[in-house]
file data-v5.cif (mmCIF, C-alpha atoms (C1' of nucleotides))
data_input
loop_
_atom_site.label_atom_id
_atom_site.label_comp_id
_atom_site.auth_asym_id
_atom_site.auth_seq_id
_atom_site.Cartn_x
_atom_site.Cartn_y
_atom_site.Cartn_z
CA MET A 1 275.72 75.90 156.84
CA TRP A 2 277.67 76.24 160.02
CA ASP A 3 281.39 76.49 160.45
CA MET A 4 282.90 73.07 159.82
CA THR A 5 286.51 73.99 160.49
CA GLU A 6 288.46 72.37 163.29
CA PRO A 7 287.80 74.14 166.59
CA ARG A 8 290.68 76.15 168.02
CA TRP A 9 291.69 74.03 171.03
CA LEU A 10 293.30 75.73 173.98
CA ASN A 11 297.05 76.22 173.91
CA ALA A 12 299.19 75.44 176.96
CA ASP A 13 298.88 78.84 178.63
CA GLU A 14 295.19 79.18 177.90
CA ARG A 15 294.69 75.77 179.41
CA ARG A 16 296.70 76.72 182.49
CA ALA A 17 294.69 79.90 182.96
CA TRP A 18 291.41 78.11 182.43
CA LEU A 19 292.15 75.19 184.74
CA ALA A 20 293.41 77.52 187.45
CA LEU A 21 290.29 79.62 187.22
CA VAL A 22 287.97 76.63 187.38
CA SER A 23 289.87 75.25 190.36
CA ILE A 24 289.81 78.54 192.23
CA ASN A 25 286.18 78.66 191.46
CA THR A 26 285.43 75.51 193.36
CA LEU A 27 288.06 75.75 196.10
CA LEU A 28 287.77 79.37 197.21
CA PRO A 29 284.02 79.59 197.84
CA ALA A 30 284.11 76.19 199.50
CA ALA A 31 286.85 77.31 201.89
CA LEU A 32 285.12 80.58 202.72
CA ASP A 33 281.78 78.85 203.07
CA THR A 34 283.07 76.49 205.72
CA LYS A 35 284.84 79.34 207.55
CA LEU A 36 281.67 81.42 207.59
CA HIS A 37 279.53 78.46 208.44
CA THR A 38 281.52 77.68 211.56
CA ALA A 39 281.75 81.38 212.48
CA GLY A 40 278.08 82.17 212.04
CA LYS A 41 276.04 79.50 210.29
CA LEU A 42 275.88 81.38 207.02
CA SER A 43 277.17 80.93 203.50
CA LEU A 44 279.40 83.25 201.49
CA PHE A 45 276.35 84.28 199.52
CA ASP A 46 274.38 85.08 202.68
CA TYR A 47 277.33 87.13 203.87
CA THR A 48 277.56 88.98 200.57
CA VAL A 49 273.90 89.92 200.71
CA LEU A 50 274.24 91.30 204.23
CA ALA A 51 277.45 93.11 203.29
CA MET A 52 275.86 94.78 200.27
CA LEU A 53 272.96 95.98 202.40
CA SER A 54 275.28 97.24 205.11
CA GLU A 55 277.17 99.33 202.56
CA ALA A 56 274.05 100.75 200.92
CA GLU A 57 272.74 104.19 201.83
CA GLY A 58 270.06 103.74 204.46
CA ARG A 59 270.96 100.04 204.65
CA PHE A 60 268.29 98.98 202.24
CA LEU A 61 268.03 98.17 198.54
CA PRO A 62 265.36 97.06 196.08
CA MET A 63 265.48 93.33 195.50
CA SER A 64 266.61 93.76 191.87
CA GLU A 65 269.47 96.03 192.83
CA LEU A 66 270.52 93.67 195.60
CA ALA A 67 270.39 90.82 193.12
CA ALA A 68 272.64 92.75 190.74
CA ARG A 69 275.14 93.54 193.49
CA SER A 70 275.34 89.92 194.56
CA SER A 71 275.39 88.61 190.96
CA ALA A 72 272.40 86.44 191.69
CA SER A 73 269.06 85.72 190.08
CA LEU A 74 266.04 87.35 191.63
CA SER A 75 264.71 83.91 192.42
CA ARG A 76 267.78 82.85 194.33
CA LEU A 77 267.85 86.13 196.20
CA SER A 78 264.19 85.89 197.10
CA HIS A 79 264.68 82.48 198.72
CA VAL A 80 267.73 83.68 200.62
CA VAL A 81 266.06 86.87 201.83
CA THR A 82 263.22 84.74 203.15
CA LYS A 83 265.76 82.73 205.13
CA LEU A 84 267.57 85.83 206.42
CA GLN A 85 264.22 87.32 207.34
CA LYS A 86 263.38 84.29 209.48
CA ARG A 87 266.63 84.86 211.35
CA GLY A 88 265.70 88.49 211.97
CA TRP A 89 268.57 89.95 209.97
CA VAL A 90 266.58 91.41 207.10
CA GLU A 91 263.12 92.88 206.62
CA ARG A 92 261.03 93.23 203.48
CA ARG A 93 259.08 96.43 202.93
CA PRO A 94 256.98 97.69 200.02
CA HIS A 95 258.45 100.58 198.06
CA PRO A 96 256.50 103.81 198.76
CA HIS A 97 256.31 105.02 195.15
CA ASP A 98 256.28 101.85 193.08
CA ALA A 99 254.11 99.03 194.34
CA ARG A 100 255.96 96.45 192.25
CA VAL A 101 259.16 97.01 194.16
CA THR A 102 260.10 95.30 197.41
CA THR A 103 263.01 96.68 199.39
CA ALA A 104 265.18 94.57 201.67
CA HIS A 105 266.26 96.35 204.86
CA LEU A 106 269.08 95.31 207.14
CA THR A 107 267.86 95.12 210.75
CA GLU A 108 269.92 96.12 213.78
CA GLU A 109 270.61 92.47 214.53
CA GLY A 110 271.62 91.94 210.93
CA MET A 111 274.02 94.86 211.19
CA ALA A 112 275.40 93.53 214.45
CA THR A 113 275.91 90.13 212.85
CA ILE A 114 277.89 91.43 209.94
CA VAL A 115 279.91 93.83 212.05
CA GLY A 116 280.87 90.88 214.23
CA LEU A 117 281.71 88.67 211.26
CA ALA A 118 283.53 91.16 209.02
CA PRO A 119 286.98 91.26 210.65
CA GLY A 120 287.30 87.50 210.63
CA HIS A 121 286.03 87.29 207.09
CA VAL A 122 288.52 89.86 205.84
CA GLU A 123 291.28 87.94 207.57
CA ASP A 124 290.13 84.77 205.80
CA VAL A 125 290.09 86.50 202.42
CA ARG A 126 293.65 87.66 203.02
CA ASP A 127 294.70 84.32 204.34
CA LEU A 128 293.21 82.20 201.57
CA PHE A 129 293.75 84.49 198.66
CA LEU A 130 295.36 87.93 198.83
CA ASP A 131 298.39 86.94 200.88
CA ALA A 132 299.48 84.67 198.03
CA LEU A 133 299.85 87.70 195.76
CA THR A 134 302.23 90.60 195.32
CA GLU A 135 300.95 94.15 194.85
CA GLN A 136 301.56 93.79 191.13
CA ASP A 137 299.57 90.55 191.08
CA VAL A 138 296.64 92.29 192.75
CA LEU A 139 296.77 95.05 190.17
CA ASP A 140 296.98 92.58 187.29
CA LEU A 141 294.16 90.51 188.67
CA ALA A 142 291.93 93.54 189.15
CA ARG A 143 292.56 94.59 185.55
CA ILE A 144 292.04 91.12 184.08
CA GLY A 145 289.12 90.31 186.34
CA GLU A 146 287.24 93.43 185.34
CA LYS A 147 287.81 92.65 181.67
CA VAL A 148 286.29 89.22 182.14
CA VAL A 149 283.36 90.56 184.14
CA GLY A 150 282.77 93.10 181.38
CA ARG A 151 282.58 90.31 178.83
CA LEU A 152 280.18 88.27 180.94
CA ASP A 153 277.96 91.21 181.80
CA ALA A 154 278.74 94.54 180.18
CA ASP A 155 276.50 96.42 182.63
CA HIS A 156 277.78 94.74 185.78
CA TRP A 157 277.62 97.03 188.81
CA ILE A 158 281.31 96.73 189.70
CA LEU A 159 282.08 98.43 186.39
CA ARG A 160 279.88 101.44 187.05
CA GLU A 161 281.69 104.77 187.04
CA SER A 162 282.19 105.70 190.64
CA MET B 1 294.45 86.64 224.48
CA TRP B 2 293.70 87.09 220.79
CA ASP B 3 294.72 89.88 218.56
CA MET B 4 292.60 92.91 219.37
CA THR B 5 294.10 95.26 216.78
CA GLU B 6 292.00 96.75 214.02
CA PRO B 7 291.70 94.33 211.09
CA ARG B 8 293.47 95.34 207.89
CA TRP B 9 290.55 96.21 205.62
CA LEU B 10 290.96 95.81 201.89
CA ASN B 11 292.45 98.71 199.97
CA ALA B 12 290.93 99.88 196.69
CA ASP B 13 292.84 97.52 194.41
CA GLU B 14 292.43 94.54 196.69
CA ARG B 15 288.74 95.24 196.77
CA ARG B 16 288.59 95.49 192.97
CA ALA B 17 290.44 92.20 192.59
CA TRP B 18 288.29 90.49 195.18
CA LEU B 19 284.96 91.73 193.85
CA ALA B 20 285.92 90.85 190.30
CA LEU B 21 286.90 87.34 191.34
CA VAL B 22 283.68 86.78 193.27
CA SER B 23 281.62 88.07 190.34
CA ILE B 24 283.43 85.89 187.82
CA ASN B 25 282.89 83.06 190.17
CA THR B 26 279.14 83.33 190.00
CA LEU B 27 278.73 84.52 186.41
CA LEU B 28 281.10 82.25 184.50
CA PRO B 29 279.94 78.84 185.74
CA ALA B 30 276.33 79.97 185.43
CA ALA B 31 276.86 80.95 181.80
CA LEU B 32 278.67 77.74 180.91
CA ASP B 33 276.14 75.67 182.81
CA THR B 34 273.26 77.01 180.78
CA LYS B 35 275.21 76.57 177.52
CA LEU B 36 276.02 72.97 178.37
CA HIS B 37 272.56 72.30 179.64
CA THR B 38 270.96 73.35 176.37
CA ALA B 39 273.64 71.51 174.36
CA GLY B 40 273.46 68.25 176.25
CA LYS B 41 271.52 68.34 179.51
CA LEU B 42 274.63 68.36 181.66
CA SER B 43 276.33 70.74 184.05
CA LEU B 44 279.84 72.12 183.87
CA PHE B 45 280.79 69.72 186.63
CA ASP B 46 279.37 66.73 184.75
CA TYR B 47 281.32 67.85 181.71
CA THR B 48 284.52 68.21 183.70
CA VAL B 49 284.18 64.70 185.07
CA LEU B 50 283.71 63.24 181.60
CA ALA B 51 286.57 65.35 180.24
CA MET B 52 288.97 64.20 182.94
CA LEU B 53 288.11 60.59 182.24
CA SER B 54 288.49 61.08 178.49
CA GLU B 55 291.99 62.47 179.00
CA ALA B 56 293.10 59.74 181.39
CA GLU B 57 295.14 56.78 180.19
CA GLY B 58 292.73 53.94 179.48
CA ARG B 59 289.84 56.35 180.05
CA PHE B 60 289.39 55.37 183.67
CA LEU B 61 290.43 56.70 187.06
CA PRO B 62 289.96 55.75 190.71
CA MET B 63 287.18 57.77 192.31
CA SER B 64 289.62 59.63 194.58
CA GLU B 65 291.83 60.66 191.72
CA LEU B 66 288.84 61.75 189.68
CA ALA B 67 287.62 63.75 192.67
CA ALA B 68 291.01 65.46 192.92
CA ARG B 69 291.04 66.32 189.23
CA SER B 70 287.59 67.80 189.39
CA SER B 71 288.24 69.58 192.71
CA ALA B 72 285.25 67.87 194.26
CA SER B 73 284.49 65.95 197.40
CA LEU B 74 284.26 62.20 197.10
CA SER B 75 280.65 62.44 198.16
CA ARG B 76 279.69 64.87 195.45
CA LEU B 77 281.54 62.83 192.86
CA SER B 78 279.88 59.62 193.97
CA HIS B 79 276.41 61.09 193.50
CA VAL B 80 277.32 62.49 190.10
CA VAL B 81 278.90 59.26 188.90
CA THR B 82 275.72 57.47 189.87
CA LYS B 83 273.81 59.88 187.68
CA LEU B 84 276.24 59.56 184.75
CA GLN B 85 276.10 55.79 185.15
CA LYS B 86 272.32 55.84 184.78
CA ARG B 87 272.79 57.69 181.49
CA GLY B 88 275.23 55.04 180.29
CA TRP B 89 278.23 57.37 180.06
CA VAL B 90 280.28 55.93 182.91
CA GLU B 91 280.76 52.53 184.51
CA ARG B 92 281.99 51.59 187.97
CA ARG B 93 284.39 48.68 188.38
CA PRO B 94 286.27 47.27 191.36
CA HIS B 95 290.02 47.77 191.35
CA PRO B 96 291.82 44.44 190.71
CA HIS B 97 294.52 44.87 193.37
CA ASP B 98 292.88 46.97 196.07
CA ALA B 99 289.35 46.07 197.00
CA ARG B 100 288.76 49.44 198.60
CA VAL B 101 289.16 51.23 195.29
CA THR B 102 286.40 51.79 192.73
CA THR B 103 287.41 52.94 189.27
CA ALA B 104 285.15 55.01 187.03
CA HIS B 105 285.37 54.10 183.34
CA LEU B 106 284.18 56.20 180.44
CA THR B 107 281.94 54.14 178.16
CA GLU B 108 281.86 54.43 174.37
CA GLU B 109 278.66 56.46 174.58
CA GLY B 110 280.27 58.67 177.20
CA MET B 111 283.22 59.23 174.91
CA ALA B 112 280.92 59.98 171.99
CA THR B 113 279.03 62.47 174.13
CA ILE B 114 282.07 64.43 175.13
CA VAL B 115 283.60 64.34 171.66
CA GLY B 116 280.38 65.83 170.38
CA LEU B 117 280.24 68.48 173.07
CA ALA B 118 283.89 69.53 173.24
CA PRO B 119 284.14 71.82 170.20
CA GLY B 120 281.14 73.85 171.26
CA HIS B 121 282.34 74.01 174.82
CA VAL B 122 285.77 75.26 173.83
CA GLU B 123 284.10 77.89 171.67
CA ASP B 124 282.04 78.97 174.66
CA VAL B 125 285.10 79.19 176.89
CA ARG B 126 286.77 81.41 174.32
CA ASP B 127 283.68 83.43 173.77
CA LEU B 128 282.84 84.05 177.42
CA PHE B 129 286.30 84.33 178.80
CA LEU B 130 289.52 84.01 176.81
CA ASP B 131 288.56 86.35 173.98
CA ALA B 132 288.37 89.19 176.49
CA LEU B 133 292.09 88.79 177.21
CA THR B 134 295.39 89.56 175.49
CA GLU B 135 298.19 86.99 175.38
CA GLN B 136 299.86 88.82 178.22
CA ASP B 137 296.66 88.72 180.26
CA VAL B 138 296.44 84.96 179.78
CA LEU B 139 300.01 84.57 180.96
CA ASP B 140 299.43 86.80 183.98
CA LEU B 141 296.26 85.01 184.87
CA ALA B 142 297.90 81.60 184.62
CA ARG B 143 300.70 82.77 186.93
CA ILE B 144 298.38 84.41 189.47
CA GLY B 145 295.81 81.65 189.29
CA GLU B 146 298.34 78.98 190.03
CA LYS B 147 299.63 80.97 193.00
CA VAL B 148 296.14 81.14 194.42
CA VAL B 149 295.46 77.47 193.80
CA GLY B 150 298.73 76.67 195.54
CA ARG B 151 297.62 78.61 198.57
CA LEU B 152 294.24 76.91 198.68
CA ASP B 153 295.62 73.43 198.13
CA ALA B 154 299.38 73.02 198.02
CA ASP B 155 299.12 69.52 196.49
CA HIS B 156 296.56 70.37 193.85
CA TRP B 157 296.92 68.22 190.73
CA ILE B 158 297.25 71.13 188.31
CA LEU B 159 300.49 72.04 190.09
CA ARG B 160 302.02 68.61 189.63
CA GLU B 161 305.26 68.61 187.64
CA SER B 162 304.41 67.39 184.18
"C1'" DG C 1 239.84 103.68 180.36
"C1'" DC C 2 241.41 99.46 178.88
"C1'" DA C 3 244.39 96.08 176.12
"C1'" DG C 4 248.84 94.58 175.82
"C1'" DC C 5 253.45 94.40 177.12
"C1'" DG C 6 257.39 94.83 180.12
"C1'" DT C 7 259.14 94.94 184.87
"C1'" DG C 8 259.66 93.31 189.74
"C1'" DG C 9 259.06 89.77 192.50
"C1'" DT C 10 257.44 85.25 194.59
"C1'" DT C 11 256.58 80.35 194.76
"C1'" DG C 12 256.89 75.22 194.35
"C1'" DA C 13 258.92 71.34 192.17
"C1'" DT C 14 263.07 69.33 190.73
"C1'" DT C 15 267.80 68.85 190.93
"C1'" DC C 16 272.22 69.45 193.22
"C1'" DT C 17 275.34 69.84 197.20
"C1'" DT C 18 276.75 69.06 201.64
"C1'" DC C 19 277.11 66.78 205.90
"C1'" DA C 20 277.34 63.12 209.01
"C1'" DA C 21 277.09 58.38 209.51
"C1'" DC C 22 278.46 54.18 207.95
"C1'" DT C 23 280.71 49.89 205.44
"C1'" DA C 24 284.66 47.71 204.30
"C1'" DG C 25 289.26 46.73 203.18
"C1'" DG C 26 294.33 47.62 204.04
"C1'" DC C 27 298.32 48.35 207.16
"C1'" DG C 28 301.07 48.29 211.34
"C1'" DT C 29 302.08 46.50 215.83
"C1'" DC C 30 302.14 43.70 219.50
"C1'" DG D 1 296.06 36.85 214.41
"C1'" DA D 2 293.61 40.47 216.42
"C1'" DC D 3 293.38 45.26 217.72
"C1'" DG D 4 293.30 49.88 216.24
"C1'" DC D 5 293.74 53.21 212.82
"C1'" DC D 6 293.74 54.91 208.19
"C1'" DT D 7 292.09 55.11 203.41
"C1'" DA D 8 288.31 54.61 199.84
"C1'" DG D 9 283.87 54.98 198.93
"C1'" DT D 10 278.67 55.02 199.56
"C1'" DT D 11 274.31 56.52 201.35
"C1'" DG D 12 270.27 59.28 203.13
"C1'" DA D 13 268.64 63.33 204.90
"C1'" DA D 14 268.75 68.25 204.97
"C1'" DG D 15 269.67 72.55 202.94
"C1'" DA D 16 270.45 75.28 198.64
"C1'" DA D 17 270.12 76.49 193.56
"C1'" DT D 18 267.56 76.48 189.35
"C1'" DC D 19 263.67 76.62 186.38
"C1'" DA D 20 259.20 77.53 184.89
"C1'" DA D 21 254.91 79.27 186.10
"C1'" DC D 22 252.72 82.76 187.99
"C1'" DC D 23 250.79 87.39 190.11
"C1'" DA D 24 250.64 92.24 190.40
"C1'" DC D 25 251.75 96.61 189.02
"C1'" DG D 26 253.14 100.36 185.64
"C1'" DC D 27 253.39 102.32 181.16
"C1'" DT D 28 252.03 103.09 176.39
"C1'" DG D 29 248.88 103.73 172.63
"C1'" DC D 30 244.49 103.93 171.17
#

call {"tool": "encode", "arguments": {"input": "data-v5.cif", "output": "C-alpha cells"}}
result
Amino acid sequence: MWDMTEPRWLNADERRAWLALVSINTLLPAALDTKLHTAGKLSLFDYTVLAMLSEAEGRFLPMSELAARSSASLSRLSHVVTKLQKRGWVERRPHPHDARVTTAHLTEEGMATIVGLAPGHVEDVRDLFLDALTEQDVLDLARIGEKVVGRLDADHWILRES
Amino acid sequence: MWDMTEPRWLNADERRAWLALVSINTLLPAALDTKLHTAGKLSLFDYTVLAMLSEAEGRFLPMSELAARSSASLSRLSHVVTKLQKRGWVERRPHPHDARVTTAHLTEEGMATIVGLAPGHVEDVRDLFLDALTEQDVLDLARIGEKVVGRLDADHWILRES
DNA sequence: GCAGCGTGGTTGATTCTTCAACTAGGCGTC
DNA sequence: GACGCCTAGTTGAAGAATCAACCACGCTGC
C-alpha cells in the first residue's frame, strides 16, 4: 500500500521560488553560453572545465575529480575533454601510480585562453546576475544555495571544509 | 579605448553564491529529468510544456506564448511539440483570426498523462529542493530569484502582475 | 595466484538543442 | 495595391548530452 492521501501542492511562495529557479536555470546558462560562444567559441561548461583545471594545483586533475568539480558525469566530461584536447587546450596523461586513472592537464594555450576570457566572463556574471542583488541577497543566496546543493549531493565538493 | 582597469573578481560570498547556483543548475534538472524519465519517459522540459498547457484557459496557447512560459526558443519548442504530437498528447491548430499563429492544444490523453504525473513530480520537487529550506528561505529565494529573472528578462511572464 | 567485485574511464548510438535559413502572413506607407 | 519590414513558426544540419555497454585495472579473500 502506498500513500493515497492528496499530494501537498505548492503554496504561492513555494511556487514563486520554484518558477524563478526553473527560469533562471534556463535563462542564465543560455545567456552566458552565447556570451562565451561569441568571445571564444566555447560553452559555459567548457569554460568551467578549463577554470577548474586552472585553479588546481599543478593545473591538472584526475577525470573523476574534474567531473565532480564541474558537476558532470564522467561520460559528458570525457567527450568534452576530447574536444578541448583537439583544440590544444587540454592534454590527457596516464596517472603514474594508478593505471586506471587518467589526468587532464591544462596546456599553456589552454591557460592563455582562460586568462584571456576570464575578465570578460566575470563582467558578464556580474552584469547578468550579481549586479541585480544587494550584499544581503548574495549572503542569503549563498546560504540557501548551499543548503540545496547539500540536499542534491551531500558530498558535493563546494561543501568540503576548506 | 576600452576599460583597461583590473576586473573586479568575485569576493568569497559572491563566489559561494555563484558556485552554488551553477551547481544547482546542473544537479537539479538532471535529478528531475531522471525521475520523470523513469515515471513517464519525458524530460522536465516536456513536463513543463504540458503543465503550462494544462493550466492555460481552454488548455491551449499560441506557440510563442507557450515558448515564453517555458523559457524556451520557438525552435526548441517547435521540435518538442512535434514529438509530443507524435505521442498524442498535443495537437497543433491554426489560429482562427491570425493565419501566422499556430496554437498548441493539450489532448485528453495529454491531460491524463500530466494528471497522473503531477503528484509524483510535486513530491520530487519537495524532496529534492523545497524540503531543504525553511519558510524564510523560500521567501528569500522567491525574492532573490525574481530579481535575477528580472535582470535576465525584464518582461518575463512570471513577473507579470497577476 | 586467481576469481570476483568495485572503480575509473571511454565509446557509439540515440536523443536533444541550437543555429541559420526559410516560408508565410500581417501591417504601414506611399 | 505593392513595397518593405516585422512577427510567427518550421525545418534540416551540426553540435552536445545521455545512456548503456564495455574495457582495464586494483583490491580482497581464498

call {"tool": "residues_around", "arguments": {"input": "data-v5.cif", "residues": "B:Phe129", "least_positions_apart": "3", "cutoff": "10 Å", "atoms": "all atoms listed in the file", "output": "VMD selection string"}}
result
(chain A and resid 18 147 to 152) or (chain B and resid 24 28 123 to 126 132 to 133)

call {"tool": "closest_atom_pairs", "arguments": {"input": "data-v5.cif", "of": "stretch 14-88 of chain B", "to": "stretch 3-21 of chain C", "cutoff": "12 Å", "atoms": "all atoms listed in the file", "output": "JSON lines"}}
result
{"residue": "B:Leu42", "atom": "CA", "partner": "C:DT15", "partner_atom": "C1'", "distance": 11.5}
{"residue": "B:Ser43", "atom": "CA", "partner": "C:DC16", "partner_atom": "C1'", "distance": 10.1}
{"residue": "B:Phe45", "atom": "CA", "partner": "C:DC16", "partner_atom": "C1'", "distance": 10.8}
{"residue": "B:Asp46", "atom": "CA", "partner": "C:DC16", "partner_atom": "C1'", "distance": 11.4}
{"residue": "B:Ala72", "atom": "CA", "partner": "C:DT17", "partner_atom": "C1'", "distance": 10.5}
{"residue": "B:Ser73", "atom": "CA", "partner": "C:DT18", "partner_atom": "C1'", "distance": 9.4}
{"residue": "B:Leu74", "atom": "CA", "partner": "C:DT18", "partner_atom": "C1'", "distance": 11.1}
{"residue": "B:Ser75", "atom": "CA", "partner": "C:DT18", "partner_atom": "C1'", "distance": 8.4}
{"residue": "B:Arg76", "atom": "CA", "partner": "C:DT17", "partner_atom": "C1'", "distance": 6.8}
{"residue": "B:Leu77", "atom": "CA", "partner": "C:DT17", "partner_atom": "C1'", "distance": 10.3}
{"residue": "B:Ser78", "atom": "CA", "partner": "C:DT17", "partner_atom": "C1'", "distance": 11.6}
{"residue": "B:His79", "atom": "CA", "partner": "C:DC16", "partner_atom": "C1'", "distance": 9.4}
{"residue": "B:Val80", "atom": "CA", "partner": "C:DC16", "partner_atom": "C1'", "distance": 9.2}
{"residue": "B:Lys83", "atom": "CA", "partner": "C:DC16", "partner_atom": "C1'", "distance": 11.2}

call {"tool": "resolve_selection", "arguments": {"input": "data-v5.cif", "expression": "the PyMOL selection byres ((chain D) within 10 of (chain B))", "output": "PyMOL selection string"}}
result
chain D and resi 7-11

call {"tool": "residues_around", "arguments": {"input": "data-v5.cif", "residues": "A:Lys41", "least_positions_apart": "3", "cutoff": "12 Å", "atoms": "all atoms listed in the file", "output": "VMD selection string"}}
result
(chain A and resid 32 to 38 44 to 47 83 to 84 87 113 117) or (chain D and resid 15)

call {"tool": "residues_near_point", "arguments": {"input": "data-v5.cif", "point": "(296.6, 65.8, 191.3)", "cutoff": "9 Å", "atoms": "all atoms listed in the file", "output": "ChimeraX atom specification"}}
result
/B:65-66,68-69,155-160

call {"tool": "atom_distance", "arguments": {"input": "data-v5.cif", "atom1": "atom CA of B:Gln136", "atom2": "atom CA of B:Leu27"}}
result
23.1 Å

call {"tool": "closest_residue", "arguments": {"input": "data-v5.cif", "among": "B:Ser54, B:Thr107, B:Gln85, B:Asn11", "to": "chain A", "atoms": "only C-alpha atoms"}}
result
B:Asn11

call {"tool": "resolve_selection", "arguments": {"input": "data-v5.cif", "expression": "the PyMOL selection byres ((chain B) within 7 of (chain A))", "output": "short mmCIF file (atom, residue, chain, number, x, y, z; two decimals) with C-alpha atoms, keeping the file's coordinate frame"}}
result
data_model
loop_
_atom_site.label_atom_id
_atom_site.label_comp_id
_atom_site.auth_asym_id
_atom_site.auth_seq_id
_atom_site.Cartn_x
_atom_site.Cartn_y
_atom_site.Cartn_z
CA PRO B 7 291.70 94.33 211.09
CA TRP B 9 290.55 96.21 205.62
CA ASP B 13 292.84 97.52 194.41
CA GLU B 14 292.43 94.54 196.69
CA ARG B 16 288.59 95.49 192.97
CA ALA B 17 290.44 92.20 192.59
CA ALA B 20 285.92 90.85 190.30
CA LEU B 21 286.90 87.34 191.34
CA SER B 23 281.62 88.07 190.34
CA ILE B 24 283.43 85.89 187.82
CA ASN B 25 282.89 83.06 190.17
CA THR B 26 279.14 83.33 190.00
CA LEU B 27 278.73 84.52 186.41
CA SER B 71 288.24 69.58 192.71
CA PRO B 119 284.14 71.82 170.20
CA VAL B 122 285.77 75.26 173.83
CA LEU B 128 282.84 84.05 177.42
CA PHE B 129 286.30 84.33 178.80
CA ALA B 132 288.37 89.19 176.49
CA ASP B 137 296.66 88.72 180.26
CA VAL B 138 296.44 84.96 179.78
CA LEU B 139 300.01 84.57 180.96
CA LEU B 141 296.26 85.01 184.87
CA ALA B 142 297.90 81.60 184.62
CA ILE B 144 298.38 84.41 189.47
CA GLY B 145 295.81 81.65 189.29
CA GLU B 146 298.34 78.98 190.03
CA LYS B 147 299.63 80.97 193.00
CA VAL B 148 296.14 81.14 194.42
CA VAL B 149 295.46 77.47 193.80
CA ARG B 151 297.62 78.61 198.57
CA LEU B 152 294.24 76.91 198.68
#

call {"tool": "atom_distance", "arguments": {"input": "data-v5.cif", "atom1": "atom CA of B:Gly116", "atom2": "atom CA of B:Thr82"}}
result
21.7 Å

call {"tool": "atom_distance", "arguments": {"input": "data-v5.cif", "atom1": "atom CA of A:Glu108", "atom2": "atom CA of A:Trp89"}}
result
7.4 Å

call {"tool": "closest_residue", "arguments": {"input": "data-v5.cif", "among": "A:Ala112, A:Val81, A:His105, A:Gly40", "to": "chain C", "atoms": "only C-alpha atoms (C1' of nucleotides)"}}
result
A:Val81

call {"tool": "axis_aligned_box", "arguments": {"input": "data-v5.cif", "around": "stretch 2-21 of chain C", "padding_each_side": "8 Å", "output": "lines of an AutoDock Vina configuration file"}}
result
center_x = 259.4
center_y = 78.9
center_z = 192.7
size_x = 51.9
size_y = 57.1
size_z = 49.7

call {"tool": "decode", "arguments": {"input": "data-v5.cif", "residues": "stretch 123-151 of chain B", "atoms": "C-alpha atoms", "output": "compact mmCIF listing (two decimals), in the first residue's frame"}}
result
# COMPACT_ATOMS: atom_id res chain seq x y z
CA GLU B 123 6.74 15.17 -4.32
CA ASP B 124 10.07 15.10 -6.12
CA VAL B 125 10.32 18.89 -6.15
CA ARG B 126 9.72 18.92 -2.41
CA ASP B 127 12.06 16.07 -1.81
CA LEU B 128 14.96 17.37 -3.88
CA PHE B 129 14.59 21.03 -3.20
CA LEU B 130 11.92 22.62 -1.03
CA ASP B 131 12.30 20.31 1.96
CA ALA B 132 15.85 21.59 2.39
CA LEU B 133 14.51 25.08 3.08
CA THR B 134 12.74 26.92 5.89
CA GLU B 135 9.75 29.15 5.21
CA GLN B 136 12.03 32.14 5.42
CA ASP B 137 14.43 30.57 2.92
CA VAL B 138 11.58 30.06 0.48
CA LEU B 139 10.57 33.69 0.84
CA ASP B 140 14.14 34.89 0.39
CA LEU B 141 14.67 32.70 -2.61
CA ALA B 142 11.45 33.87 -4.25
CA ARG B 143 12.51 37.49 -3.75
CA ILE B 144 16.08 36.97 -4.98
CA GLY B 145 15.05 34.68 -7.80
CA GLU B 146 12.58 37.15 -9.18
CA LYS B 147 15.21 39.89 -9.06
CA VAL B 148 17.56 37.75 -11.10
CA VAL B 149 14.87 36.78 -13.58
CA GLY B 150 14.02 40.45 -13.96
CA ARG B 151 17.60 41.22 -14.82
